[in-house]
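Source file run-v6.txt; content: compact mmCIF, C-alpha atoms and all ligand atoms.
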# COMPACT_ATOMS: atom_id res chain seq x y z
CA MET A 1 0.00 0.00 0.00
CA SER A 2 1.32 3.42 -0.88
CA SER A 3 2.23 5.60 2.09
CA ILE A 4 1.20 8.75 0.27
CA ILE A 5 -2.45 9.54 0.77
CA GLU A 6 -3.96 11.30 -2.17
CA PRO A 7 -6.55 13.82 -1.05
CA PHE A 8 -9.98 13.64 -2.65
CA ASP A 9 -10.70 16.35 -5.16
CA GLN A 10 -12.16 19.06 -2.99
CA PRO A 11 -15.01 19.34 -2.41
CA LEU A 12 -16.62 15.99 -3.20
CA ALA A 13 -20.07 17.52 -3.02
CA SER A 14 -21.65 18.50 -6.26
CA THR A 15 -22.27 22.17 -5.61
CA THR A 16 -25.28 22.12 -7.90
CA GLU A 17 -27.14 20.15 -5.24
CA TRP A 18 -27.32 23.23 -3.05
CA ASP A 19 -26.65 25.89 -5.63
CA SER A 20 -28.48 29.20 -5.23
CA PRO A 21 -27.29 32.82 -5.05
CA MET A 22 -27.86 32.86 -1.30
CA PHE A 23 -25.93 29.66 -0.63
CA ARG A 24 -23.07 30.98 -2.76
CA LEU A 25 -23.08 34.18 -0.71
CA ALA A 26 -22.98 32.25 2.57
CA GLN A 27 -20.17 30.02 1.28
CA GLN A 28 -18.16 32.93 -0.10
CA GLN A 29 -18.46 34.88 3.15
CA PHE A 30 -17.33 31.78 5.03
CA LEU A 31 -14.41 31.05 2.67
CA GLN A 32 -13.25 34.66 2.86
CA ALA A 33 -13.27 34.55 6.67
CA ALA A 34 -11.61 31.09 6.65
CA GLU A 35 -8.80 32.42 4.49
CA ILE A 36 -8.16 35.41 6.75
CA MET A 37 -8.17 33.33 9.93
CA GLN A 38 -6.15 30.56 8.22
CA LEU A 39 -8.70 27.96 9.18
CA ASP A 40 -7.55 24.35 8.99
CA GLU A 41 -8.48 23.09 5.50
CA ASN A 42 -10.08 19.89 6.76
CA ILE A 43 -12.39 21.83 9.03
CA ARG A 44 -13.06 24.39 6.33
CA ASP A 45 -14.25 21.74 3.88
CA ARG A 46 -16.33 20.09 6.58
CA LEU A 47 -18.16 23.34 7.34
CA LEU A 48 -18.76 24.34 3.74
CA PHE A 49 -21.84 22.13 3.43
CA PRO A 50 -24.62 21.23 5.86
CA GLN A 51 -24.33 18.06 7.89
CA ARG A 52 -27.94 16.94 7.36
CA THR A 53 -30.39 17.88 4.67
CA LEU A 54 -33.98 16.73 4.40
CA MET A 55 -36.12 17.58 1.42
CA VAL A 56 -39.75 16.56 1.41
CA SER A 57 -42.79 16.89 -0.80
CA PHE A 58 -46.25 16.43 0.59
CA PRO A 59 -49.89 17.10 -0.29
CA CYS A 60 -51.75 20.16 0.88
CA ARG A 61 -55.53 20.02 0.55
CA ARG A 62 -57.12 23.37 -0.31
CA ASP A 63 -60.24 24.56 1.48
CA ASP A 64 -62.49 23.69 -1.48
CA TYR A 65 -61.72 19.99 -0.76
CA ARG A 66 -61.12 19.45 -4.48
CA ASN A 67 -57.66 20.76 -5.14
CA VAL A 68 -54.63 19.11 -3.66
CA GLU A 69 -51.31 20.92 -4.15
CA THR A 70 -47.96 19.18 -3.93
CA VAL A 71 -45.69 21.42 -1.89
CA PHE A 72 -41.98 21.20 -1.15
CA GLY A 73 -40.36 21.59 2.24
CA TYR A 74 -36.87 21.46 3.72
CA ARG A 75 -35.06 21.13 7.01
CA VAL A 76 -31.31 21.59 7.04
CA GLN A 77 -28.93 21.13 9.99
CA HIS A 78 -25.56 22.68 9.36
CA VAL A 79 -23.48 21.73 12.41
CA LEU A 80 -24.37 19.19 15.12
CA THR A 81 -21.17 19.54 17.12
CA MET A 82 -22.16 21.80 19.97
CA GLY A 83 -25.62 20.74 21.09
CA PRO A 84 -29.02 20.67 19.44
CA THR A 85 -29.46 22.63 16.24
CA LYS A 86 -31.58 25.75 16.19
CA GLY A 87 -33.23 27.87 13.55
CA GLY A 88 -36.46 29.16 12.17
CA ILE A 89 -38.93 27.90 9.60
CA ARG A 90 -39.69 30.14 6.66
CA TYR A 91 -42.82 30.08 4.50
CA HIS A 92 -42.11 31.93 1.27
CA GLN A 93 -42.69 31.35 -2.43
CA ASP A 94 -38.94 31.57 -3.22
CA VAL A 95 -37.69 29.08 -0.60
CA ASN A 96 -35.33 26.44 -1.98
CA LEU A 97 -32.67 24.09 -0.67
CA GLY A 98 -29.84 26.55 -1.27
CA GLU A 99 -31.61 29.35 0.57
CA VAL A 100 -32.46 27.16 3.56
CA SER A 101 -28.87 25.84 3.65
CA ALA A 102 -27.44 29.36 3.58
CA LEU A 103 -29.73 30.37 6.42
CA ALA A 104 -28.72 27.26 8.39
CA MET A 105 -25.05 28.11 7.96
CA TRP A 106 -25.64 31.68 9.17
CA MET A 107 -27.48 30.26 12.20
CA THR A 108 -24.33 28.30 13.11
CA TRP A 109 -22.14 31.41 13.11
CA LYS A 110 -24.86 33.42 14.85
CA CYS A 111 -25.30 30.95 17.71
CA ALA A 112 -21.54 30.57 18.13
CA LEU A 113 -20.97 34.33 18.07
CA MET A 114 -23.62 34.78 20.79
CA HIS A 115 -22.11 31.86 22.80
CA LEU A 116 -25.38 29.88 22.65
CA PRO A 117 -25.05 26.08 22.97
CA PHE A 118 -26.56 25.34 19.55
CA GLY A 119 -25.54 24.54 16.01
CA GLY A 120 -27.38 26.13 13.09
CA ALA A 121 -30.45 24.81 11.30
CA LYS A 122 -33.24 26.18 9.15
CA GLY A 123 -36.44 24.98 7.59
CA GLY A 124 -38.74 26.21 4.90
CA VAL A 125 -41.77 25.49 2.78
CA ARG A 126 -42.05 26.92 -0.72
CA ILE A 127 -45.51 28.50 -0.60
CA ASP A 128 -46.84 32.04 -0.43
CA PRO A 129 -48.57 32.08 2.96
CA THR A 130 -50.51 35.25 2.08
CA LYS A 131 -52.42 33.21 -0.53
CA LEU A 132 -53.52 30.52 1.94
CA SER A 133 -56.33 30.59 4.50
CA ARG A 134 -55.69 30.02 8.20
CA THR A 135 -57.03 26.46 7.97
CA GLU A 136 -54.83 25.72 4.95
CA ILE A 137 -51.76 27.01 6.79
CA GLN A 138 -52.69 24.91 9.79
CA ARG A 139 -53.03 21.72 7.71
CA LEU A 140 -49.82 22.46 5.83
CA THR A 141 -47.93 23.11 9.07
CA ARG A 142 -49.11 19.89 10.68
CA ARG A 143 -48.23 17.81 7.64
CA TYR A 144 -44.83 19.50 7.23
CA THR A 145 -44.14 18.81 10.93
CA MET A 146 -44.95 15.13 10.41
CA GLU A 147 -42.66 14.99 7.39
CA ILE A 148 -39.67 16.34 9.36
CA ILE A 149 -40.56 14.83 12.75
CA SER A 150 -37.71 12.33 12.78
CA MET A 151 -35.25 15.16 12.45
CA ILE A 152 -36.54 17.56 15.13
CA GLY A 153 -36.79 17.20 18.90
CA PRO A 154 -36.15 19.27 22.04
CA ASP A 155 -32.65 17.76 22.36
CA LYS A 156 -32.08 17.47 18.61
CA ASP A 157 -33.32 20.42 16.61
CA ILE A 158 -35.61 23.20 17.81
CA PRO A 159 -37.54 25.23 15.20
CA ALA A 160 -38.72 28.84 15.62
CA PRO A 161 -40.47 31.50 13.55
CA ASP A 162 -38.86 33.13 10.52
CA LEU A 163 -40.22 35.00 7.49
CA GLY A 164 -43.88 34.06 6.93
CA THR A 165 -44.35 32.09 10.16
CA ASN A 166 -45.35 33.23 13.65
CA ALA A 167 -46.30 32.14 17.16
CA GLN A 168 -49.51 30.48 15.92
CA VAL A 169 -47.55 28.31 13.47
CA MET A 170 -45.22 27.34 16.33
CA ALA A 171 -48.27 26.38 18.44
CA TRP A 172 -49.43 24.00 15.66
CA ILE A 173 -45.97 22.44 15.41
CA MET A 174 -45.86 22.02 19.17
CA ASP A 175 -49.32 20.44 19.16
CA THR A 176 -48.53 18.06 16.28
CA TYR A 177 -45.29 16.93 17.93
CA SER A 178 -46.96 16.57 21.34
CA GLN A 179 -49.81 14.49 19.86
CA GLN A 180 -47.26 12.07 18.48
CA VAL A 181 -45.40 11.51 21.74
CA GLY A 182 -48.53 11.60 23.90
CA TYR A 183 -47.69 14.48 26.24
CA SER A 184 -47.01 18.22 25.94
CA VAL A 185 -43.54 19.15 24.75
CA PRO A 186 -43.37 22.96 24.85
CA GLU A 187 -39.58 22.89 24.37
CA ILE A 188 -39.88 21.44 20.84
CA VAL A 189 -40.21 24.99 19.43
CA THR A 190 -39.46 28.53 20.52
CA GLY A 191 -41.33 31.69 19.65
CA LYS A 192 -44.64 30.06 20.61
CA PRO A 193 -47.48 31.82 22.46
CA VAL A 194 -46.72 32.62 26.11
CA VAL A 195 -49.59 30.47 27.47
CA LEU A 196 -48.01 27.42 25.81
CA GLY A 197 -44.62 28.05 27.41
CA GLY A 198 -43.42 30.83 25.14
CA SER A 199 -41.10 33.42 26.61
CA LEU A 200 -42.06 36.96 27.45
CA GLY A 201 -40.26 39.31 25.11
CA ARG A 202 -39.57 36.73 22.36
CA THR A 203 -41.78 38.32 19.70
CA GLU A 204 -40.05 41.69 19.87
CA ALA A 205 -36.58 40.29 20.75
CA THR A 206 -35.03 40.62 17.29
CA GLY A 207 -36.02 44.28 16.92
CA ARG A 208 -35.10 45.04 20.52
CA GLY A 209 -31.70 43.34 20.22
CA LEU A 210 -30.95 45.24 17.02
CA VAL A 211 -31.67 48.56 18.73
CA TYR A 212 -29.45 47.61 21.70
CA LEU A 213 -26.67 47.24 19.12
CA ILE A 214 -27.53 50.50 17.35
CA VAL A 215 -27.17 52.29 20.70
CA GLU A 216 -23.66 50.80 21.06
CA ALA A 217 -22.72 51.53 17.44
CA ALA A 218 -23.93 55.14 17.67
CA GLN A 219 -21.88 55.67 20.79
CA HIS A 220 -18.86 54.12 19.09
CA ILE A 221 -18.98 56.37 16.04
CA GLY A 222 -20.08 59.44 18.00
CA LEU A 223 -23.72 59.85 16.95
CA ARG A 224 -26.35 61.22 19.33
CA LEU A 225 -29.45 59.11 18.77
CA LYS A 226 -31.81 61.93 19.70
CA GLN A 227 -30.52 63.85 16.68
CA CYS A 228 -30.57 60.85 14.35
CA THR A 229 -32.93 59.82 11.58
CA ALA A 230 -33.71 56.25 10.54
CA VAL A 231 -35.16 54.39 7.57
CA VAL A 232 -36.55 50.88 8.02
CA GLN A 233 -37.13 48.53 5.09
CA GLY A 234 -39.75 45.95 6.07
CA PHE A 235 -42.54 46.32 8.59
CA GLY A 236 -42.92 42.70 9.66
CA ASN A 237 -41.98 41.48 13.11
CA VAL A 238 -38.36 42.66 12.96
CA GLY A 239 -38.81 45.99 11.16
CA SER A 240 -41.88 47.15 13.05
CA ASN A 241 -40.33 46.41 16.43
CA ALA A 242 -36.99 47.95 15.47
CA ALA A 243 -38.90 51.09 14.42
CA ARG A 244 -40.73 51.16 17.74
CA PHE A 245 -37.57 50.79 19.85
CA LEU A 246 -35.69 53.34 17.72
CA ALA A 247 -38.51 55.82 18.35
CA GLU A 248 -38.20 55.10 22.09
CA GLN A 249 -34.53 56.12 21.81
CA GLY A 250 -35.62 59.46 20.33
CA VAL A 251 -34.63 58.58 16.75
CA ARG A 252 -36.79 60.21 14.04
CA LEU A 253 -38.18 57.58 11.66
CA ILE A 254 -38.41 59.21 8.22
CA GLY A 255 -39.06 56.25 5.93
CA VAL A 256 -40.48 52.76 6.15
CA SER A 257 -41.69 50.15 3.68
CA ASP A 258 -43.40 46.79 3.39
CA VAL A 259 -44.46 44.55 0.49
CA SER A 260 -46.99 47.19 -0.61
CA GLY A 261 -44.26 49.85 -1.09
CA GLY A 262 -42.58 52.62 0.87
CA ILE A 263 -43.64 55.80 2.65
CA TYR A 264 -41.57 58.87 3.47
CA ASN A 265 -42.00 61.89 5.70
CA PRO A 266 -38.91 63.99 6.50
CA GLU A 267 -40.74 65.50 9.51
CA GLY A 268 -40.98 62.03 11.04
CA LEU A 269 -43.49 59.18 11.06
CA ASP A 270 -45.51 58.31 14.16
CA VAL A 271 -44.58 54.67 14.84
CA ASN A 272 -47.63 53.95 16.98
CA ALA A 273 -49.92 55.34 14.29
CA LEU A 274 -48.13 53.10 11.73
CA HIS A 275 -48.65 50.03 13.93
CA ASP A 276 -52.36 50.88 14.33
CA TYR A 277 -52.74 51.53 10.61
CA VAL A 278 -51.15 48.19 9.64
CA ALA A 279 -53.24 46.34 12.24
CA GLN A 280 -56.37 47.85 10.67
CA HIS A 281 -55.52 47.80 6.96
CA GLY A 282 -53.11 44.88 6.70
CA SER A 283 -50.31 46.92 5.10
CA LEU A 284 -48.83 50.43 4.91
CA ALA A 285 -50.56 51.13 1.55
CA GLY A 286 -52.57 54.34 1.69
CA TYR A 287 -51.09 55.60 4.98
CA PRO A 288 -52.18 59.25 4.93
CA HIS A 289 -49.41 61.26 6.66
CA ALA A 290 -46.59 60.55 4.19
CA GLU A 291 -45.55 60.52 0.55
CA SER A 292 -45.16 57.19 -1.17
CA ILE A 293 -41.71 56.13 -2.31
CA SER A 294 -40.37 53.04 -4.07
CA ASN A 295 -38.51 50.39 -2.08
CA SER A 296 -35.30 51.12 -3.97
CA ASP A 297 -35.48 54.90 -3.43
CA LEU A 298 -36.18 54.27 0.23
CA LEU A 299 -32.81 52.55 0.69
CA GLU A 300 -31.03 55.57 -0.75
CA LEU A 301 -32.69 58.18 1.48
CA GLU A 302 -30.33 60.37 3.48
CA CYS A 303 -30.47 59.10 7.06
CA ASP A 304 -28.18 58.13 9.93
CA ILE A 305 -29.44 54.60 10.43
CA LEU A 306 -30.65 52.27 7.68
CA VAL A 307 -32.32 49.03 8.78
CA PRO A 308 -32.91 46.41 6.07
CA ALA A 309 -35.43 44.13 7.78
CA ALA A 310 -37.13 42.47 4.81
CA VAL A 311 -35.58 39.91 2.47
CA GLN A 312 -32.11 39.04 1.18
CA ASN A 313 -30.12 40.69 -1.60
CA GLN A 314 -31.18 44.31 -1.10
CA ILE A 315 -27.84 46.14 -0.81
CA THR A 316 -25.91 45.35 -3.97
CA GLN A 317 -22.97 46.77 -5.90
CA GLU A 318 -25.55 48.78 -7.81
CA ASN A 319 -27.01 50.78 -4.91
CA ALA A 320 -24.22 50.52 -2.29
CA PRO A 321 -22.36 53.55 -3.74
CA ARG A 322 -25.52 55.63 -3.27
CA LEU A 323 -26.49 54.69 0.30
CA GLN A 324 -26.46 57.76 2.52
CA CYS A 325 -26.54 56.20 5.98
CA LYS A 326 -23.84 56.09 8.67
CA ILE A 327 -24.95 52.83 10.27
CA LEU A 328 -26.33 49.86 8.33
CA ALA A 329 -28.14 47.70 10.88
CA GLU A 330 -29.09 44.36 9.33
CA GLY A 331 -32.32 42.92 10.68
CA ALA A 332 -32.83 40.61 7.68
CA ASN A 333 -30.64 37.61 6.88
CA GLY A 334 -28.32 38.11 3.92
CA PRO A 335 -29.46 41.60 2.85
CA THR A 336 -25.99 42.62 1.60
CA THR A 337 -23.99 41.06 -1.24
CA LEU A 338 -20.25 40.41 -1.13
CA GLU A 339 -19.52 43.19 -3.64
CA ALA A 340 -21.68 45.66 -1.72
CA ASP A 341 -19.83 44.82 1.48
CA ARG A 342 -16.56 45.99 -0.05
CA ILE A 343 -18.13 49.25 -1.16
CA LEU A 344 -19.66 49.89 2.25
CA GLN A 345 -16.30 49.29 3.88
CA GLU A 346 -14.54 51.71 1.53
CA ARG A 347 -17.21 54.30 2.19
CA GLY A 348 -16.79 53.96 5.97
CA ILE A 349 -20.39 52.90 6.66
CA PHE A 350 -20.55 51.10 10.00
CA VAL A 351 -22.22 47.70 9.47
CA LEU A 352 -24.01 45.68 12.12
CA PRO A 353 -23.92 42.39 10.15
CA ASP A 354 -26.94 40.06 10.16
CA VAL A 355 -25.37 37.30 12.27
CA LEU A 356 -24.95 39.89 15.02
CA GLY A 357 -27.72 42.35 14.13
CA ASN A 358 -30.67 39.95 14.21
CA ALA A 359 -29.29 37.58 16.85
CA GLY A 360 -31.64 38.92 19.53
CA GLY A 361 -34.33 36.54 18.24
CA VAL A 362 -32.40 33.33 18.69
CA THR A 363 -30.96 34.62 21.96
CA VAL A 364 -34.40 34.93 23.52
CA SER A 365 -35.29 31.63 21.83
CA TYR A 366 -32.46 30.14 23.87
CA PHE A 367 -33.93 31.74 27.02
CA GLU A 368 -37.31 30.25 26.09
CA TRP A 369 -35.84 26.78 25.65
CA VAL A 370 -33.99 27.04 28.98
CA GLN A 371 -37.17 28.13 30.77
CA ASP A 372 -39.14 25.26 29.19
CA THR A 373 -36.59 22.57 29.92
CA GLN A 374 -36.09 23.77 33.52
CA ASN A 375 -39.71 24.81 34.20
CA PHE A 376 -38.67 28.40 34.95
CA THR A 377 -40.61 31.52 34.09
CA TRP A 378 -38.54 34.65 33.90
CA THR A 379 -39.98 38.16 34.03
CA LEU A 380 -39.80 40.46 31.05
CA GLU A 381 -37.26 42.53 32.91
CA GLU A 382 -35.02 39.49 33.44
CA ILE A 383 -35.32 38.56 29.78
CA ASN A 384 -34.48 42.05 28.54
CA ASP A 385 -31.57 42.44 30.97
CA ARG A 386 -30.09 39.13 29.89
CA LEU A 387 -30.68 39.96 26.23
CA HIS A 388 -28.93 43.30 26.70
CA LYS A 389 -25.90 41.62 28.29
CA VAL A 390 -25.60 39.00 25.54
CA MET A 391 -26.00 41.55 22.71
CA VAL A 392 -23.54 44.06 24.16
CA GLY A 393 -21.04 41.26 24.94
CA ALA A 394 -21.16 40.01 21.35
CA PHE A 395 -20.91 43.57 19.99
CA GLN A 396 -17.82 44.22 22.07
CA ARG A 397 -16.14 40.97 21.09
CA THR A 398 -16.82 41.70 17.43
CA LEU A 399 -15.67 45.32 17.61
CA LEU A 400 -12.52 44.36 19.48
CA ARG A 401 -11.61 41.78 16.87
CA SER A 402 -12.39 44.15 14.03
CA GLN A 403 -10.13 46.81 15.55
CA ARG A 404 -7.37 44.42 16.56
CA ASP A 405 -7.19 42.56 13.24
CA LYS A 406 -8.29 45.50 11.06
CA LEU A 407 -11.35 43.71 9.74
CA ASP A 408 -14.80 44.88 8.76
CA MET A 409 -17.51 44.03 11.29
CA ARG A 410 -18.99 41.18 9.21
CA THR A 411 -15.70 39.35 8.82
CA ALA A 412 -14.93 39.92 12.50
CA ALA A 413 -18.33 38.51 13.55
CA LEU A 414 -17.97 35.50 11.25
CA ILE A 415 -14.47 34.73 12.51
CA GLU A 416 -15.68 35.00 16.14
CA GLY A 417 -18.31 32.37 15.36
CA ILE A 418 -16.22 30.11 13.10
CA GLU A 419 -13.34 30.01 15.56
CA ARG A 420 -15.61 28.69 18.30
CA VAL A 421 -17.11 26.01 16.04
CA ALA A 422 -13.66 24.96 14.79
CA SER A 423 -12.36 24.64 18.32
CA ALA A 424 -15.39 22.53 19.36
CA LYS A 425 -14.80 20.26 16.36
CA LEU A 426 -11.13 19.77 17.20
CA LEU A 427 -11.91 19.03 20.85
CA ARG A 428 -14.48 16.37 19.98
CA GLY A 429 -12.22 14.73 17.44
CA LEU A 430 -13.33 12.29 14.78
CA PHE A 431 -15.57 9.27 15.12
CA PRO A 432 -14.55 6.49 14.59
N1 LIG B 501 -35.44 32.84 12.47
C1 LIG B 501 -34.67 33.60 13.42
C2 LIG B 501 -33.26 33.83 12.91
O1 LIG B 501 -33.01 33.87 11.73
C3 LIG B 501 -34.74 33.03 14.82
C4 LIG B 501 -34.30 31.62 14.98
C5 LIG B 501 -34.58 31.04 16.36
O2 LIG B 501 -35.12 31.75 17.21
O3 LIG B 501 -34.26 29.88 16.56
O4 LIG B 501 -32.35 34.09 13.66
For this file, produce the structure as structure tokens.
Amino acid sequence: MSSIIEPFDQPLASTTEWDSPMFRLAQQQFLQAAEIMQLDENIRDRLLFPQRTLMVSFPCRRDDYRNVETVFGYRVQHVLTMGPTKGGIRYHQDVNLGEVSALAMWMTWKCALMHLPFGGAKGGVRIDPTKLSRTEIQRLTRRYTMEIISMIGPDKDIPAPDLGTNAQVMAWIMDTYSQQVGYSVPEIVTGKPVVLGGSLGRTEATGRGLVYLIVEAAQHIGLRLKQCTAVVQGFGNVGSNAARFLAEQGVRLIGVSDVSGGIYNPEGLDVNALHDYVAQHGSLAGYPHAESISNSDLLELECDILVPAAVQNQITQENAPRLQCKILAEGANGPTTLEADRILQERGIFVLPDVLGNAGGVTVSYFEWVQDTQNFTWTLEEINDRLHKVMVGAFQRTLLRSQRDKLDMRTAALIEGIERVASAKLLRGLFP
């Protein structure tokens, strides 16, 4: 036998299996960070693809009891090294395996950066939930849960809300899982309603956490929030809560958008009135005290703080040169492309990258899981205090690394996360 071991051609995976613009972005970000930190090649190749991938198709009966749609769903677990995997479930018409895998990879870095004892996961179903009735979404959720049930579990993989899902969807997942095992298992999901074991403060945690970071970032670059203006893209759970907490800090919200388009008022928008309007009318369309503006013009408004809190791929090489903000606070996952990142760095825009920026959600999810598994109930004050500590700690670690190693904030955050995962992998060693 030859003593020279020929390495396999790297990587053995056929990239087309996962290929999508979002997965390429996640991989490129990772490879860039791996190169800078000189990550061991064996570990690098191991982390480049998810550890477990489940793709399912299942029937969804429409309310007319005649049509049955075949829908596609996914659950991806990126790293199982450091505990159960954790990540949301997204219902969106563009969901595909690559997107879910990218999101799972980002969850790994996010959990590691925040020092949470989880690896990353994500799930998704490719449907437009706005086109389905409540009963259709319930049936779809229960069937999807059954399809992925062997993969999830309170010690294995714990889903949560993401784009297009909410506390009610989590309640149906919890019920379906509990029916199968024969007793209530609140800790199977996080982000569920409080009466079912959900945590106080979980719904608004992502927006709240993002604003805790904006306070730190503003202090760092010498901005006084009471004199600042903000623009928020997206008025779902993350955007609407970020807007609310920014207003509480005395920031003037001048622009906001949702799927129906954008609105702009340089004098300032009343966040409570916006919340009431959306609750009544379902979207921002027709809001009276503002001019309408396109989503793309909204991003280029002159403001101090820009919060992309909608979907991926919004800040690109095309519009990055025209952004006029000082802080880019990412509430969405993957809103900024690789090329745009370089431009933002050259232009000196301070970025709170997604893995840090929106980590408040999974952080309070962790608190929810801990409360459920230990039968604790923490007060809202305890939750928010703990969230504040975790967010500020991660911000400081990231900033310190970015200053010490002269890195942009995204690369610094990724390296903080990757380093922890790599060290866990080395400590566990290989089986067999
Ligand atoms: N979907 C959220 C995220 O992207 C939250 C995940 C969780 O709470 O597990 O971070």
**Request:** Please provide as a VMD selection string all residues within 9 Å of Cys325 of chain A, with the sequence filter that same-chain residues fewer than 3 positions apart are discarded (counting only C-alpha atoms).
**Result:** chain A and resid 230 to 231 299 to 306 328 349 to 350
**Prompt:** Interatomic distance between atom CA of His78 of chain A and atom CA of Phe49 of chain A?
**Reply:**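 A separation of 7.0 Å between them.
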**Long-range neighbours of Val278 of chain A as a list in words, 12 Å cut-off, all atoms listed in the file, 2 positions minimum in chain** =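 Residues near the query, excluding close chain neighbours: Phe235, Gly236, Asn237, Ser240, Ser257, Asp258, Val259, Ser260, Val271, Asn272, Ala273, Leu274, His275, Asp276, Gln280, His281, Gly282, Ser283, Leu284, Ala285, Gly286 and Tyr287 of chain A.
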Got time to write the residues from that selection, C-alpha atoms, as a CSV table (one decimal), keeping the file's coordinate frame?
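To be explicit, this is the file written out as result_18.csv:
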chain,number,residue,atom,x,y,z
A,235,PHE,CA,-42.5,46.3,8.6
A,236,GLY,CA,-42.9,42.7,9.7
A,237,ASN,CA,-42.0,41.5,13.1
A,240,SER,CA,-41.9,47.2,13.0
A,257,SER,CA,-41.7,50.2,3.7
A,258,ASP,CA,-43.4,46.8,3.4
A,259,VAL,CA,-44.5,44.6,0.5
A,260,SER,CA,-47.0,47.2,-0.6
A,271,VAL,CA,-44.6,54.7,14.8
A,272,ASN,CA,-47.6,54.0,17.0
A,273,ALA,CA,-49.9,55.3,14.3
A,274,LEU,CA,-48.1,53.1,11.7
A,275,HIS,CA,-48.6,50.0,13.9
A,276,ASP,CA,-52.4,50.9,14.3
A,280,GLN,CA,-56.4,47.8,10.7
A,281,HIS,CA,-55.5,47.8,7.0
A,282,GLY,CA,-53.1,44.9,6.7
A,283,SER,CA,-50.3,46.9,5.1
A,284,LEU,CA,-48.8,50.4,4.9
A,285,ALA,CA,-50.6,51.1,1.6
A,286,GLY,CA,-52.6,54.3,1.7
A,287,TYR,CA,-51.1,55.6,5.0
**Request:** Give me the residues within 6 Å of segment 416-430 of chain A as an NGL selection string, counting all atoms listed in the file and dropping any in the same chain fewer than 2 places off.
**Result:** :A and (109 or 112-113 or 413-414 or 432)
Residues within 8 Å of segment 118-126 of chain A, please, as a compact mmCIF listing (two decimals) with C-alpha atoms, keeping the file's coordinate frame. Count only C-alpha atoms; anything in the same chain fewer than 5 positions from it doesn't count.
# COMPACT_ATOMS: atom_id res chain seq x y z
CA VAL A 71 -45.69 21.42 -1.89
CA PHE A 72 -41.98 21.20 -1.15
CA GLY A 73 -40.36 21.59 2.24
CA TYR A 74 -36.87 21.46 3.72
CA ARG A 75 -35.06 21.13 7.01
CA VAL A 76 -31.31 21.59 7.04
CA GLN A 77 -28.93 21.13 9.99
CA HIS A 78 -25.56 22.68 9.36
CA VAL A 79 -23.48 21.73 12.41
CA LEU A 80 -24.37 19.19 15.12
CA THR A 81 -21.17 19.54 17.12
CA MET A 82 -22.16 21.80 19.97
CA GLY A 83 -25.62 20.74 21.09
CA PRO A 84 -29.02 20.67 19.44
CA THR A 85 -29.46 22.63 16.24
CA LYS A 86 -31.58 25.75 16.19
CA GLY A 87 -33.23 27.87 13.55
CA GLY A 88 -36.46 29.16 12.17
CA ILE A 89 -38.93 27.90 9.60
CA ARG A 90 -39.69 30.14 6.66
CA TYR A 91 -42.82 30.08 4.50
CA HIS A 92 -42.11 31.93 1.27
CA GLN A 93 -42.69 31.35 -2.43
CA ASP A 94 -38.94 31.57 -3.22
CA VAL A 95 -37.69 29.08 -0.60
CA ASN A 96 -35.33 26.44 -1.98
CA VAL A 100 -32.46 27.16 3.56
CA SER A 101 -28.87 25.84 3.65
CA LEU A 103 -29.73 30.37 6.42
CA ALA A 104 -28.72 27.26 8.39
CA MET A 105 -25.05 28.11 7.96
CA TRP A 106 -25.64 31.68 9.17
CA MET A 107 -27.48 30.26 12.20
CA THR A 108 -24.33 28.30 13.11
CA TRP A 109 -22.14 31.41 13.11
CA LYS A 110 -24.86 33.42 14.85
CA CYS A 111 -25.30 30.95 17.71
CA ALA A 112 -21.54 30.57 18.13
CA ASP A 157 -33.32 20.42 16.61
CA PRO A 159 -37.54 25.23 15.20
**Asked** Which one of A:Thr206, A:Gln403, A:Gln28, A:Thr130 sits closest to ligand LIG 501 (chain B) if you count only C-alpha atoms and all ligand atoms?
**Response** A:Thr206
**Request:** Using all atoms listed in the file, find the one residue out of A:Ala160, A:Val194, A:Ala205, A:Ile36 that sits nearest to Gly361 of chain A.
**Result:** A:Ala205
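Every protein or nucleic acid residue with an atom no more than 8 Å from segment 365-381 of chain A, counting only C-alpha atoms and leaving out same-chain residues fewer than 4 positions away, appears here: Leu116, Ala160, Pro186, Glu187, Val189, Thr190, Gly191, Gly197, Gly198, Ser199, Leu200, Gly201, Arg202, Gly361 and Asp385 of chain A.
For the residues A:Ile315, A:Asp63, A:Tyr144, A:Ser150, ranking by smallest atom-to-atom distance to Lys131 of chain A using all atoms listed in the file places A:Asp63 first.
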**Asked** Taking into account all atoms listed in the file, which residue in the set A:Ala167, A:Ile148, A:Leu352, A:Leu132 is nearest to ligand LIG 501 (chain B)?
**Response**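 Among the listed residues, the smallest separation from ligand LIG 501 (chain B) belongs to A:Ala167.
Take the candidates A:Ile188, A:Ile263, A:Val251, A:Val68 and check each one against ligand LIG 501 (chain B) using all atoms listed in the file; the shortest distance goes to A:Ile188.
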**Message:** Can you measure atom CA of Val390 of chain A to atom CA of Val169 of chain A for me? One decimal in Å is fine.
**Reply:** 27.2 Å
**Message:** Considering all atoms listed in the file, can you say which of A:Ala329, A:Ile127, A:Ile158, A:Leu223 comes closest to ligand LIG 501 (chain B)?
**Reply:** A:Ile158
**Message:** For a test of reading the model, state the distance in Å between atom CA of Pro154 of chain A and atom CA of Val185 of chain A, rounded to one decimal.
**Reply:** 7.9 Å
**Request:** Counting all atoms listed in the file, find the residues whose atoms lie at most 12 Å from (-22.5, 41.2, -0.1) (file coordinates) and write them out as a PyMOL selection string.
**Result:** chain A and resi 21-22+24-30+32+312-320+330+333-345+351+353-354+410-411
Work out where the centre of an axis-aligned box around every listed atom of ligand LIG 501 (chain B) lies and how long its edges are once 4 Å is added on each side; give both in Å to one decimal as lines of an AutoDock Vina configuration file.
center_x = -33.9
center_y = 32.0
center_z = 14.5
size_x = 11.1
size_y = 12.2
size_z = 13.5
